[in-house]
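Novice: Sharing coords-v7.txt, compact mmCIF, C-alpha atoms:
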# COMPACT_ATOMS: atom_id res chain seq x y z
CA MET A 704 0.00 0.00 0.00
CA ALA A 705 1.31 3.45 -0.86
CA ARG A 706 2.38 5.59 2.04
CA HIS A 707 1.03 9.11 2.14
CA GLY A 708 2.22 10.20 5.56
CA LYS A 709 4.46 13.08 4.42
CA ARG A 710 2.86 13.94 1.12
CA HIS A 711 1.00 17.05 2.17
CA HIS A 712 3.16 18.62 4.84
CA ASP A 713 4.00 22.31 4.52
CA TYR A 714 7.19 22.84 2.57
CA PRO A 715 9.31 25.95 3.21
CA SER A 716 8.65 28.88 0.93
CA LEU A 717 11.24 29.62 -1.74
CA ALA A 718 12.63 32.83 -3.20
CA GLU A 719 10.90 34.21 -6.29
CA LYS A 720 14.00 34.15 -8.49
CA THR A 721 15.74 30.92 -9.56
CA LEU A 722 19.18 30.76 -11.15
CA ILE A 723 20.03 27.64 -13.15
CA ILE A 724 23.73 26.84 -13.57
CA ASP A 725 24.84 24.01 -15.82
CA ASN A 726 28.42 24.06 -14.62
CA GLY A 727 30.29 22.70 -17.63
CA ALA A 728 34.05 22.26 -17.76
CA TYR A 729 34.40 24.44 -20.88
CA ASN A 730 31.44 26.80 -20.56
CA ILE A 731 29.04 27.59 -17.75
CA LYS A 732 25.50 27.73 -19.09
CA ALA A 733 23.54 30.00 -16.76
CA GLY A 734 20.39 32.07 -16.64
CA PHE A 735 17.27 32.82 -14.63
CA SER A 736 14.06 30.86 -14.97
CA THR A 737 11.17 32.67 -16.63
CA GLU A 738 7.58 31.72 -17.29
CA ASN A 739 8.42 30.67 -20.86
CA PRO A 740 12.12 29.76 -20.83
CA ASP A 741 14.10 30.45 -23.99
CA VAL A 742 17.70 29.53 -24.78
CA LYS A 743 18.32 33.20 -25.61
CA GLU A 744 18.12 33.84 -21.86
CA CYS A 745 20.99 31.41 -21.25
CA GLN A 746 24.46 32.94 -21.06
CA LEU A 747 27.59 31.04 -22.08
CA ILE A 748 30.37 31.91 -19.65
CA PRO A 749 33.88 30.48 -20.21
CA ASN A 750 34.64 28.37 -17.13
CA CYS A 751 38.29 29.31 -16.95
CA ILE A 752 40.88 31.84 -15.92
CA ALA A 753 43.11 32.68 -18.88
CA LYS A 754 46.40 34.54 -19.30
CA SER A 755 47.37 35.99 -22.67
CA ARG A 756 50.90 36.25 -24.03
CA GLU A 757 50.78 39.90 -22.94
CA LYS A 758 50.30 38.55 -19.38
CA LYS A 759 46.78 39.94 -19.13
CA VAL A 760 44.42 37.82 -17.00
CA TYR A 761 40.80 37.16 -17.99
CA VAL A 762 38.29 35.66 -15.54
CA GLY A 763 35.26 33.88 -16.98
CA ALA A 764 33.15 36.15 -19.18
CA GLN A 765 35.99 38.68 -19.41
CA LEU A 766 37.51 36.38 -22.04
CA SER A 767 35.15 37.93 -24.61
CA LYS A 768 37.29 41.09 -24.42
CA CYS A 769 40.43 39.23 -25.51
CA ARG A 770 41.64 39.99 -29.04
CA ASP A 771 44.57 37.58 -29.29
CA PHE A 772 44.17 33.92 -28.35
CA GLY A 773 47.61 32.84 -29.50
CA ASP A 774 49.82 31.16 -26.86
CA MET A 775 47.09 31.61 -24.25
CA VAL A 776 47.33 29.68 -20.99
CA PHE A 777 44.11 28.36 -19.46
CA VAL A 778 43.39 27.25 -15.91
CA ARG A 779 40.11 25.39 -15.47
CA PRO A 780 38.48 24.55 -12.12
CA LEU A 781 37.12 21.24 -13.40
CA GLU A 782 39.04 18.05 -14.03
CA LYS A 783 37.39 14.99 -15.57
CA GLY A 784 34.07 16.82 -15.29
CA PHE A 785 34.24 17.53 -11.53
CA VAL A 786 35.04 20.78 -9.70
CA VAL A 787 38.38 20.22 -7.99
CA ASN A 788 39.48 23.82 -7.49
CA TRP A 789 36.84 25.90 -5.74
CA PRO A 790 38.97 29.04 -5.23
CA GLU A 791 39.16 29.41 -9.02
CA GLU A 792 35.50 28.47 -9.50
CA LYS A 793 34.53 30.97 -6.81
CA ALA A 794 36.36 33.75 -8.65
CA ILE A 795 34.56 32.87 -11.90
CA TRP A 796 31.15 32.71 -10.20
CA GLU A 797 31.73 36.02 -8.42
CA SER A 798 32.59 37.66 -11.72
CA ALA A 799 29.53 36.14 -13.42
CA PHE A 800 26.88 36.54 -10.71
CA LEU A 801 28.02 39.13 -8.16
CA ASP A 802 29.96 41.73 -10.14
CA SER A 803 28.09 45.01 -10.56
CA THR A 804 28.44 44.80 -14.36
CA ALA A 805 27.47 41.12 -14.66
CA VAL A 806 24.55 40.29 -16.96
CA LEU A 807 23.35 37.69 -14.43
CA LYS A 808 23.96 39.78 -11.30
CA CYS A 809 21.83 38.53 -8.42
CA ASP A 810 21.49 38.63 -4.65
CA PRO A 811 22.07 35.02 -3.54
CA HIS A 812 20.04 35.62 -0.36
CA GLU A 813 16.98 36.14 -2.58
CA THR A 814 17.76 33.49 -5.19
CA ASN A 815 17.18 29.74 -5.48
CA LEU A 816 19.91 27.76 -7.22
CA ILE A 817 19.65 24.69 -9.44
CA LEU A 818 23.17 23.35 -10.02
CA THR A 819 24.27 20.43 -12.18
CA GLU A 820 27.05 17.95 -11.60
CA ALA A 821 28.45 15.07 -13.65
CA PRO A 822 27.16 11.55 -12.89
CA ASN A 823 28.99 9.61 -10.16
CA CYS A 824 30.55 12.66 -8.55
CA PRO A 825 32.65 11.71 -5.49
CA GLN A 826 30.88 12.54 -2.24
CA THR A 827 33.79 14.61 -0.93
CA LEU A 828 33.50 16.96 -3.91
CA GLN A 829 29.73 17.17 -3.39
CA VAL A 830 30.26 18.23 0.21
CA PHE A 831 32.70 20.97 -0.85
CA CYS A 832 30.14 22.15 -3.39
CA ASP A 833 27.35 22.36 -0.78
CA GLN A 834 29.61 24.32 1.54
CA MET A 835 30.43 26.85 -1.19
CA VAL A 836 26.79 27.32 -2.13
CA PHE A 837 25.49 27.84 1.41
CA GLU A 838 28.47 29.10 3.38
CA GLU A 839 30.33 31.25 0.84
CA PHE A 840 27.61 32.42 -1.58
CA GLU A 841 24.69 31.97 0.85
CA PHE A 842 22.01 31.10 -1.71
CA ALA A 843 18.49 31.02 -0.25
CA SER A 844 17.84 27.45 -1.38
CA TYR A 845 19.53 24.92 -3.58
CA TYR A 846 19.02 21.75 -5.58
CA ARG A 847 22.04 19.84 -6.90
CA CYS A 848 21.42 17.12 -9.49
CA VAL A 849 23.14 15.24 -12.31
CA GLY A 850 22.93 17.31 -15.47
CA PRO A 851 21.41 14.65 -17.76
CA SER A 852 18.30 14.36 -15.55
CA LEU A 853 17.19 17.91 -16.35
CA ASN A 854 16.81 17.02 -20.04
CA ALA A 855 13.73 14.97 -19.15
CA TYR A 856 11.93 18.31 -18.67
CA ASN A 857 12.51 19.33 -22.29
CA ASP A 858 10.02 18.84 -25.11
CA ILE A 859 11.27 15.39 -26.13
CA PRO A 860 8.40 14.40 -28.50
CA SER A 861 9.07 17.42 -30.74
CA LEU A 862 12.67 16.26 -31.28
CA PHE A 863 11.28 13.19 -33.08
CA GLY A 864 8.41 14.96 -34.79
CA ASP A 865 5.87 13.22 -32.55
CA ASN A 866 4.14 16.31 -31.24
CA SER A 867 2.63 18.75 -33.71
CA GLU A 868 0.60 20.52 -31.03
CA GLN A 869 1.69 22.45 -27.96
CA PRO A 870 4.76 21.43 -25.92
CA PRO A 871 4.02 19.15 -22.95
CA LYS A 872 2.55 20.84 -19.90
CA LEU A 873 4.46 20.91 -16.63
CA SER A 874 2.11 18.26 -15.28
CA GLN A 875 3.20 15.92 -18.12
CA LEU A 876 6.90 16.25 -17.31
CA PRO A 877 9.42 14.73 -16.87
CA ALA A 878 9.52 12.40 -19.87
CA GLU A 879 8.82 8.79 -18.93
CA CYS A 880 11.75 7.11 -20.70
CA LEU A 881 14.83 8.79 -22.14
CA LEU A 882 18.32 7.59 -23.05
CA LEU A 883 20.40 10.74 -22.69
CA ILE A 884 23.87 10.94 -24.25
CA ASP A 885 25.83 13.97 -23.07
CA SER A 886 29.06 14.51 -25.01
CA GLY A 887 30.80 17.50 -23.52
CA TYR A 888 34.28 18.85 -22.88
CA SER A 889 35.62 16.33 -20.36
CA HIS A 890 33.80 13.13 -21.23
CA THR A 891 30.76 11.48 -22.78
CA THR A 892 28.11 9.86 -20.60
CA VAL A 893 25.15 7.61 -21.32
CA THR A 894 22.36 8.02 -18.77
CA PRO A 895 19.04 6.13 -18.95
CA LEU A 896 16.30 8.18 -17.30
CA LEU A 897 13.02 6.82 -15.95
CA HIS A 898 10.59 9.58 -14.99
CA GLY A 899 13.55 11.95 -14.89
CA ARG A 900 15.61 9.83 -12.49
CA PRO A 901 18.90 8.21 -13.58
CA ILE A 902 19.02 4.42 -13.48
CA GLN A 903 22.30 4.50 -11.64
CA ASN A 904 23.66 1.03 -12.37
CA ALA A 905 23.21 1.62 -16.11
CA VAL A 906 25.09 4.93 -16.31
CA ARG A 907 28.18 4.60 -18.49
CA ARG A 908 31.07 6.97 -19.16
CA LEU A 909 33.58 7.35 -22.01
CA ASP A 910 36.63 9.48 -21.21
CA VAL A 911 36.61 11.05 -24.65
CA GLY A 912 35.15 14.53 -25.04
CA GLY A 913 35.94 17.86 -26.61
CA LYS A 914 39.17 18.37 -24.66
CA PHE A 915 40.48 14.93 -25.65
CA LEU A 916 39.71 15.52 -29.33
CA THR A 917 41.25 19.00 -29.33
CA ASN A 918 44.44 17.69 -27.74
CA ALA A 919 44.63 14.86 -30.27
CA LEU A 920 44.21 17.34 -33.11
CA LYS A 921 46.88 19.63 -31.65
CA GLU A 922 49.30 16.72 -31.47
CA THR A 923 48.53 15.63 -35.04
CA LEU A 924 48.92 19.11 -36.53
CA SER A 925 52.07 19.77 -34.49
CA THR A 926 53.63 16.57 -35.79
CA GLN A 927 52.71 17.10 -39.44
CA TYR A 928 53.06 20.86 -39.80
CA TYR A 929 54.25 23.08 -36.96
CA ASN A 930 53.74 23.45 -33.22
CA VAL A 931 50.19 24.48 -32.26
CA GLN A 932 50.26 22.98 -28.76
CA ASP A 933 49.71 26.41 -27.19
CA ASP A 934 46.99 27.45 -29.65
CA THR A 935 44.01 25.83 -27.95
CA ILE A 936 41.32 28.24 -29.18
CA PRO A 937 42.36 28.20 -32.88
CA VAL A 938 42.61 24.39 -32.88
CA THR A 939 39.22 24.13 -31.16
CA GLU A 940 37.80 26.22 -34.00
CA ILE A 941 39.27 23.78 -36.53
CA LYS A 942 37.75 20.83 -34.69
CA GLU A 943 34.30 22.40 -34.47
CA SER A 944 34.17 23.78 -38.02
CA ALA A 945 36.23 21.42 -40.19
CA CYS A 946 36.06 18.00 -38.54
CA TYR A 947 33.28 15.46 -39.06
CA VAL A 948 32.35 11.87 -38.22
CA SER A 949 32.71 9.65 -41.26
CA ASP A 950 29.93 7.19 -42.12
CA ASP A 951 32.60 4.92 -43.66
CA PHE A 952 36.01 5.48 -42.09
CA LYS A 953 37.96 3.00 -44.26
CA ARG A 954 36.51 4.44 -47.47
CA ASP A 955 37.39 8.03 -46.56
CA LEU A 956 40.86 6.98 -45.39
CA ASP A 957 41.51 5.28 -48.74
CA ARG A 958 40.37 8.44 -50.53
CA THR A 959 42.85 10.65 -48.67
CA TRP A 960 45.90 8.39 -48.27
CA LYS A 961 48.74 8.81 -50.78
CA LEU A 962 50.50 5.56 -49.84
CA GLY A 963 54.29 5.50 -50.11
CA ALA A 964 56.63 7.15 -52.62
CA ARG A 965 56.55 4.07 -54.91
CA GLN A 966 52.79 3.67 -54.80
CA ARG A 967 51.51 7.20 -55.30
CA ARG A 968 47.83 7.64 -56.02
CA GLU A 969 45.53 10.57 -56.43
CA ILE A 970 43.83 12.08 -53.39
CA ASP A 971 40.10 12.78 -53.47
CA TYR A 972 40.24 16.54 -53.14
CA SER A 973 36.53 16.79 -52.29
CA ILE A 974 37.57 15.97 -48.72
CA VAL A 975 40.66 18.17 -48.56
CA ILE A 976 40.34 21.77 -47.40
CA ASP A 977 42.77 24.54 -46.55
CA TRP A 978 42.31 26.02 -43.09
CA VAL A 979 43.41 29.62 -42.65
CA LEU A 980 44.63 30.35 -39.13
CA PRO A 981 43.78 33.74 -37.60
CA ASP A 982 46.62 36.22 -37.22
CA TYR A 983 44.67 38.34 -34.67
CA GLU A 984 45.46 41.46 -36.67
CA ASN A 985 43.46 41.10 -39.86
CA THR A 986 41.36 38.11 -38.80
CA MET A 987 40.05 37.01 -35.39
CA HIS A 988 38.75 33.58 -36.43
CA GLY A 989 39.97 30.81 -38.68
CA TYR A 990 38.12 29.81 -41.84
CA SER A 991 38.28 27.20 -44.58
CA LEU A 992 39.06 27.50 -48.28
CA PRO A 993 38.70 24.91 -51.04
CA HIS A 994 42.04 23.24 -51.62
CA ASP A 995 43.65 23.95 -54.97
CA PRO A 996 45.06 20.61 -56.27
CA LYS A 997 47.71 22.54 -58.20
CA LEU A 998 49.29 23.77 -54.98
CA PRO A 999 51.70 21.60 -52.99
CA PHE A 1000 50.16 19.70 -50.10
CA LYS A 1001 51.94 21.63 -47.37
CA THR A 1002 51.62 24.73 -45.24
CA ARG A 1003 51.83 28.09 -46.98
CA THR A 1004 51.22 31.76 -46.29
CA LEU A 1005 48.58 34.02 -47.83
CA PRO A 1006 49.45 37.51 -49.11
CA MET A 1007 48.09 39.09 -45.90
CA GLY A 1008 50.36 36.86 -43.81
CA GLU A 1009 47.88 34.24 -42.55
CA SER A 1010 49.16 30.69 -42.27
CA VAL A 1011 47.32 27.93 -44.16
CA LEU A 1012 47.09 24.29 -43.07
CA PRO A 1013 45.92 21.69 -45.61
CA MET A 1014 43.60 19.19 -43.92
CA ALA A 1015 42.59 15.80 -45.31
CA ASN A 1016 42.21 12.66 -43.18
CA GLU A 1017 42.68 14.72 -40.00
CA ARG A 1018 39.15 15.96 -40.52
CA PHE A 1019 37.60 12.58 -39.75
CA GLN A 1020 40.41 10.69 -37.99
CA ILE A 1021 40.12 12.81 -34.83
CA PRO A 1022 36.33 12.42 -34.32
CA GLU A 1023 36.71 8.70 -35.04
CA LEU A 1024 38.22 8.40 -31.55
CA LEU A 1025 34.70 8.75 -30.14
CA PHE A 1026 33.79 5.44 -31.76
CA ASN A 1027 37.18 3.72 -31.62
CA PRO A 1028 39.27 5.08 -28.71
CA SER A 1029 41.41 1.94 -28.91
CA ASP A 1030 43.01 3.46 -32.04
CA ILE A 1031 45.30 5.42 -29.72
CA GLY A 1032 45.51 2.84 -26.96
CA LEU A 1033 42.54 3.69 -24.72
CA ALA A 1034 41.16 0.48 -23.21
CA GLU A 1035 37.54 1.60 -23.56
CA GLY A 1036 34.67 0.78 -25.83
CA GLY A 1037 33.44 3.40 -28.26
CA LEU A 1038 30.26 5.44 -28.04
CA SER A 1039 27.94 2.83 -29.53
CA ASP A 1040 29.60 0.18 -27.32
CA ILE A 1041 28.84 2.03 -24.08
CA VAL A 1042 25.27 2.60 -25.23
CA MET A 1043 24.88 -1.16 -25.53
CA GLN A 1044 26.61 -1.69 -22.18
CA SER A 1045 24.09 0.66 -20.60
CA LEU A 1046 21.13 -1.10 -22.21
CA GLU A 1047 22.39 -4.48 -21.03
CA GLN A 1048 21.82 -3.30 -17.45
CA LEU A 1049 18.14 -2.58 -18.12
CA PRO A 1050 15.19 -4.97 -18.30
CA LYS A 1051 14.48 -5.90 -21.92
CA GLY A 1052 11.01 -4.44 -21.44
CA LEU A 1053 12.53 -0.95 -21.28
CA TRP A 1054 14.63 -1.35 -24.42
CA PRO A 1055 12.00 -0.24 -26.98
CA ALA A 1056 11.18 2.93 -25.04
CA MET A 1057 14.84 3.78 -24.48
CA LEU A 1058 15.97 2.99 -28.03
CA GLY A 1059 13.12 5.04 -29.44
CA ASN A 1060 14.07 8.10 -27.36
CA ILE A 1061 17.85 8.58 -27.61
CA VAL A 1062 18.80 12.25 -27.33
CA LEU A 1063 22.23 13.80 -27.90
CA VAL A 1064 23.26 16.93 -26.00
CA GLY A 1065 26.55 18.66 -25.20
CA GLY A 1066 28.92 20.66 -27.36
CA THR A 1067 30.81 17.69 -28.80
CA SER A 1068 27.55 16.06 -29.96
CA LYS A 1069 27.28 18.79 -32.61
CA LEU A 1070 30.06 17.23 -34.71
CA LYS A 1071 28.73 16.75 -38.22
CA GLY A 1072 27.72 13.15 -38.92
CA LEU A 1073 27.84 11.97 -35.30
CA ARG A 1074 24.10 11.46 -34.92
CA GLU A 1075 23.77 9.49 -38.15
CA ARG A 1076 26.80 7.27 -37.41
CA LEU A 1077 25.59 6.52 -33.88
CA GLU A 1078 22.08 5.63 -35.02
CA ALA A 1079 23.44 3.32 -37.72
CA GLU A 1080 25.74 1.46 -35.31
CA ILE A 1081 23.05 1.07 -32.64
CA ARG A 1082 20.67 -0.21 -35.32
CA GLN A 1083 23.22 -2.91 -36.25
CA ASN A 1084 23.57 -4.03 -32.63
CA THR A 1085 19.90 -4.24 -31.57
CA PRO A 1086 16.97 -6.49 -32.52
CA SER A 1087 15.35 -5.46 -35.78
CA ASP A 1088 11.88 -5.27 -34.22
CA PHE A 1089 13.00 -2.56 -31.78
CA PRO A 1090 12.71 1.05 -32.98
CA VAL A 1091 15.94 3.06 -32.97
CA ARG A 1092 15.68 6.85 -33.04
CA VAL A 1093 18.51 9.25 -32.24
CA ALA A 1094 17.85 12.99 -32.07
CA LEU A 1095 20.33 15.82 -31.71
CA HIS A 1096 18.86 18.60 -29.61
CA PRO A 1097 18.85 21.78 -31.74
CA GLU A 1098 20.38 23.66 -28.79
CA ALA A 1099 22.69 20.85 -27.74
CA GLU A 1100 24.99 22.95 -25.56
CA LYS A 1101 22.15 24.70 -23.73
CA ALA A 1102 19.67 21.81 -23.60
CA THR A 1103 20.42 20.85 -19.99
CA TRP A 1104 20.01 24.46 -18.85
CA LEU A 1105 16.70 24.70 -20.73
CA GLY A 1106 15.37 21.59 -18.99
CA GLY A 1107 16.35 23.05 -15.62
CA ALA A 1108 14.63 26.34 -16.44
CA ARG A 1109 11.43 24.46 -17.27
CA MET A 1110 11.63 22.36 -14.12
CA ALA A 1111 12.02 25.53 -12.05
CA ASN A 1112 8.55 26.62 -13.16
CA ASN A 1113 7.03 23.72 -11.23
CA GLU A 1114 6.76 25.44 -7.87
CA ASP A 1115 5.46 22.41 -5.99
CA LEU A 1116 8.29 20.24 -7.32
CA MET A 1117 10.89 22.86 -6.43
CA LYS A 1118 9.62 23.04 -2.86
CA ARG A 1119 9.93 19.29 -2.54
CA LEU A 1120 13.41 19.09 -4.03
CA CYS A 1121 15.25 22.15 -2.73
CA VAL A 1122 17.15 22.36 0.53
CA THR A 1123 16.95 25.82 2.12
CA ARG A 1124 19.89 27.57 3.69
CA GLN A 1125 18.07 27.54 7.02
CA GLU A 1126 17.79 23.76 6.84
CA TYR A 1127 21.45 23.50 5.95
CA LEU A 1128 22.52 25.67 8.88
CA GLU A 1129 20.43 23.52 11.21
CA HIS A 1130 21.63 20.16 9.92
CA GLY A 1131 24.07 20.45 7.02
CA HIS A 1132 27.36 21.22 8.72
CA THR A 1133 26.98 18.43 11.24
CA LEU A 1134 27.33 14.67 10.78
CA MET A 1135 30.43 15.07 8.60
CA HIS A 1136 28.53 17.38 6.23
CA THR A 1137 26.63 14.52 4.59
CA TRP A 1138 23.13 15.63 5.61
CA THR A 1139 22.58 17.78 2.50
CA ASN A 1140 23.65 14.98 0.18
CA ARG A 1141 21.24 12.54 1.85
CA GLN A 1142 18.43 15.08 1.58
CA PHE A 1143 18.89 15.53 -2.15
CA GLN A 1144 18.75 11.77 -2.66
CA ALA A 1145 15.78 11.23 -0.35
CA ARG A 1146 13.74 14.08 -1.83
CA ALA A 1147 14.42 13.00 -5.42
CA ASN A 1148 13.44 9.44 -4.50
CA ALA A 1149 10.21 10.66 -2.88
CA VAL A 1150 9.29 12.68 -5.98
CA GLY A 1151 10.10 9.70 -8.22
CA THR A 1152 7.92 7.40 -6.13
CA THR A 1153 5.03 9.86 -6.39
CA MET A 1154 5.34 9.90 -10.19
CA LEU A 1155 5.43 6.11 -10.45
CA GLU A 1156 2.34 5.79 -8.27
CA GLY A 1157 0.59 8.51 -10.25
Go through the file and emit its structure as structure tokens.

Specialist:
Amino acid sequence: MARHGKRHHDYPSLAEKTLIIDNGAYNIKAGFSTENPDVKECQLIPNCIAKSREKKVYVGAQLSKCRDFGDMVFVRPLEKGFVVNWPEEKAIWESAFLDSTAVLKCDPHETNLILTEAPNCPQTLQVFCDQMVFEEFEFASYYRCVGPSLNAYNDIPSLFGDNSEQPPKLSQLPAECLLLIDSGYSHTTVTPLLHGRPIQNAVRRLDVGGKFLTNALKETLSTQYYNVQDDTIPVTEIKESACYVSDDFKRDLDRTWKLGARQRREIDYSIVIDWVLPDYENTMHGYSLPHDPKLPFKTRTLPMGESVLPMANERFQIPELLFNPSDIGLAEGGLSDIVMQSLEQLPKGLWPAMLGNIVLVGGTSKLKGLRERLEAEIRQNTPSDFPVRVALHPEAEKATWLGGARMANNEDLMKRLCVTRQEYLEHGHTLMHTWTNRQFQARANAVGTTMLEG
């Protein structure tokens, strides 16, 4: 029999304003909840402290004022997706949310906070996080959750063309079944969600993300052409604009491989491009040009002084590491492999619903061809009578924030999930600081139970 003993007790009142922070390792996605949330209200804030070659320091959003990204040194508070350096993170947050000129300036005492974390975050790091939120910033109330879970509050049917009418109402959220793939800066995770709650034993992680791919591309270009190890931003631009996931890796490799000196063959120049690096005088961003087959396949300089890198198999070899990390010695399965590993932990009865609702989010998921390649490989590995649908969220980088902004509109749910600062001061900094963590788990479980019974 269902227990209703604590269903209708009076929950503490919350502040009127709610700030949602999707605390990514590359960018913080942050903004306030509104009645009709829009991704335009979400700010992208570089989650770093950077020093230019002129020794000028930029904190967070100040990086937008930089006009020369060459030889820039970055310090990031997150490692492997987890905040490990709170003094640096505190400085970035203060600049973003407390500075008098900040777009998202707020009074934490009058603001609720929804904060994301990566799946399987160590408890010690969670405790540090709770202390910073309540003891340093003093937010009025706070809910910490794994980022993928917030995507269940997005309009999932519309991603698959299932809903031609209005988006789901708050009472219809979260989505019942969702297989969420988040490919970000530090890693890629596969998280099955049931009524918005992660099925913990089925969460899988691949330690290949945007940072890994950028570093691999830097190493490749530095070996073949010249040293770009200190040019993180320009190489990131190359990765995001010129690289793609091949639907047939061997075919494309054959088309771009010259073989040895005695076995020369023609390259398929439809794949080859010339990438023009920015000089930060005439150009601020790199761009591609069609490769002229009459020119030698090597670096050259344009009349205005910009350096040109010819790119062929590098364009698809780097993203291929998402599907075959063993190519460079990583003892991990690829993206489609960890999807299958995750499914194997679920009852077969959930497979059709999960396979029919696979959603890609995160900045790295925007690589051209990734969605199609992933769907094709999953289709090959699953029973033919199961539907397989993979959708890329149109706002992949901001999708988690958008789900959190929609969840924040459910006032009753927020009251049941959030821990107030008063509660924390009464209980949170006793019992080895684990009270807050237990409350988040217990309250999420209680909400999930209510949904299942409903």

Novice: If we count all atoms listed in the file, what is near Leu722 (chain A) at a cut-off of 12 Å, once residues fewer than 5 positions away on the same chain are taken out, given as number ranges by chain?

Specialist: A: 732-737, 744-746, 799-800, 807-819, 842-846, 1104-1105, 1107-1112

Novice: Please list as a PyMOL selection string every residue within 7 Å of region 1040-1050 of chain A, counting all atoms listed in the file and excluding residues in the same chain fewer than 4 positions away.

Specialist: chain A and resi 893+904-907+1036+1054

Novice: Go ahead and write the selection's residues with C-alpha atoms as an mmCIF file, in the coordinates of the input.

Specialist:
data_model
loop_
_atom_site.group_PDB
_atom_site.id
_atom_site.type_symbol
_atom_site.label_atom_id
_atom_site.label_comp_id
_atom_site.auth_asym_id
_atom_site.auth_seq_id
_atom_site.Cartn_x
_atom_site.Cartn_y
_atom_site.Cartn_z
ATOM 1 C CA VAL A 893 25.150 7.610 -21.320
ATOM 2 C CA ASN A 904 23.660 1.030 -12.370
ATOM 3 C CA ALA A 905 23.210 1.620 -16.110
ATOM 4 C CA VAL A 906 25.090 4.930 -16.310
ATOM 5 C CA ARG A 907 28.180 4.600 -18.490
ATOM 6 C CA GLY A 1036 34.670 0.780 -25.830
ATOM 7 C CA TRP A 1054 14.630 -1.350 -24.420
#

Novice: Grab the CA of Ala753 (chain A) to CA of Pro851 (chain A) distance for me, in Å with one decimal place.

Specialist: 28.2 Å

Novice: Given all atoms listed in the file as the basis, pick out the residue of A:Pro822, A:Pro1097, A:Pro740, A:Pro870 nearest to Thr891 (chain A).

Specialist: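 Ranked by minimum distance to Thr891 (chain A), first place goes to A:Pro822.
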
Novice: Please, what distance in Å, to one decimal, runs between CA of Ser973 (chain A) and CA of Leu1025 (chain A)?

Specialist: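 Rounded to one decimal, the two atoms are 23.6 Å apart.
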
Novice: Might you pull out every residue within 10 Å of region 951-956 of chain A, with all atoms listed in the file counted and same-chain residues fewer than 6 positions away left off, and present them as a PyMOL selection string?

Specialist: chain A and resi 970-971+974+1015-1017+1019-1020+1023+1076

Novice: Find the residues with any atom within 10 Å of (12.7, 15.3, -35.6); use all atoms listed in the file and the coordinates as given in the file, and write the answer as a list of chain:residue names.

Specialist: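 Using all atoms listed in the file, the matching residues come out as A:Ile859, A:Pro860, A:Ser861, A:Leu862, A:Phe863, A:Gly864, A:Asp865, A:Asn866, A:Arg1092, A:Val1093, A:Ala1094, A:Leu1095, A:His1096, A:Pro1097.
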
Novice: Pick out the residues sitting within 9 Å of region 979-991 of chain A, and hand them over as an mmCIF file with C-alpha atoms, keeping the file's coordinate frame; count all atoms listed in the file, and ignore anything fewer than 3 positions along from it in its own chain.

Specialist:
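Written output follows (result-v9.cif):
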data_model
loop_
_atom_site.group_PDB
_atom_site.id
_atom_site.type_symbol
_atom_site.label_atom_id
_atom_site.label_comp_id
_atom_site.auth_asym_id
_atom_site.auth_seq_id
_atom_site.Cartn_x
_atom_site.Cartn_y
_atom_site.Cartn_z
ATOM 1 C CA ARG A 770 41.640 39.990 -29.040
ATOM 2 C CA ASP A 771 44.570 37.580 -29.290
ATOM 3 C CA PHE A 772 44.170 33.920 -28.350
ATOM 4 C CA GLY A 773 47.610 32.840 -29.500
ATOM 5 C CA PRO A 937 42.360 28.200 -32.880
ATOM 6 C CA VAL A 938 42.610 24.390 -32.880
ATOM 7 C CA GLU A 940 37.800 26.220 -34.000
ATOM 8 C CA ILE A 941 39.270 23.780 -36.530
ATOM 9 C CA SER A 944 34.170 23.780 -38.020
ATOM 10 C CA ALA A 945 36.230 21.420 -40.190
ATOM 11 C CA ILE A 976 40.340 21.770 -47.400
ATOM 12 C CA HIS A 994 42.040 23.240 -51.620
ATOM 13 C CA THR A 1004 51.220 31.760 -46.290
ATOM 14 C CA LEU A 1005 48.580 34.020 -47.830
ATOM 15 C CA MET A 1007 48.090 39.090 -45.900
ATOM 16 C CA GLY A 1008 50.360 36.860 -43.810
ATOM 17 C CA GLU A 1009 47.880 34.240 -42.550
ATOM 18 C CA SER A 1010 49.160 30.690 -42.270
ATOM 19 C CA VAL A 1011 47.320 27.930 -44.160
ATOM 20 C CA LEU A 1012 47.090 24.290 -43.070
ATOM 21 C CA PRO A 1013 45.920 21.690 -45.610
#

Novice: Kindly give the distance, in Å, that separates CA of Ser949 (chain A) and CA of Arg1082 (chain A), rounded to a single decimal.

Specialist: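 For CA of Ser949 (chain A) relative to CA of Arg1082 (chain A), the distance reads 16.7 Å.
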
Novice: What would the list of residues within 12 Å of (39.5, 20.4, -34.1) (file frame) look like as a VMD selection string, if all atoms listed in the file are what count?

Specialist: chain A and resid 912 to 924 931 934 to 948 978 989 1014 1017 to 1022 1067 1070

Novice: Which residue is closest to Val1064 (chain A)? Choose from A:Ala718, A:Cys751, A:Ile884, A:Cys824 and count all atoms listed in the file.

Specialist: A:Ile884

Novice: A:Trp960, A:Ala1149, A:Glu879, A:Ser767: which is nearest Ser852 (chain A), counting only C-alpha atoms?

Specialist: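 Looking at the shortest contact to Ser852 (chain A), the residue is A:Glu879.
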
Novice: Counting all atoms listed in the file, which residue out of A:Asn788, A:Ser925, A:Ser798, A:Thr1139 sits closest to Gln829 (chain A)?

Specialist: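 Of A:Asn788, A:Ser925, A:Ser798, A:Thr1139, the one nearest Gln829 (chain A) is A:Thr1139, counting all atoms listed in the file.
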
Novice: Select from region 784-852 of chain A every residue with an atom at most 10 Å from any atom of region 757-764 of chain A, then for each give the shortest pair of atoms and their distance in Å to one decimal, using only C-alpha atoms, rows by chain and rising number, as CSV.

Specialist:
residue,atom,partner,partner_atom,distance
A:Glu791,CA,A:Val762,CA,9.1
A:Glu792,CA,A:Gly763,CA,9.2
A:Ala794,CA,A:Val762,CA,7.4
A:Ile795,CA,A:Gly763,CA,5.2
A:Trp796,CA,A:Gly763,CA,8.0
A:Glu797,CA,A:Gly763,CA,9.5
A:Ser798,CA,A:Gly763,CA,7.0
A:Ala799,CA,A:Ala764,CA,6.8
A:Ala805,CA,A:Ala764,CA,8.8
A:Val806,CA,A:Ala764,CA,9.8
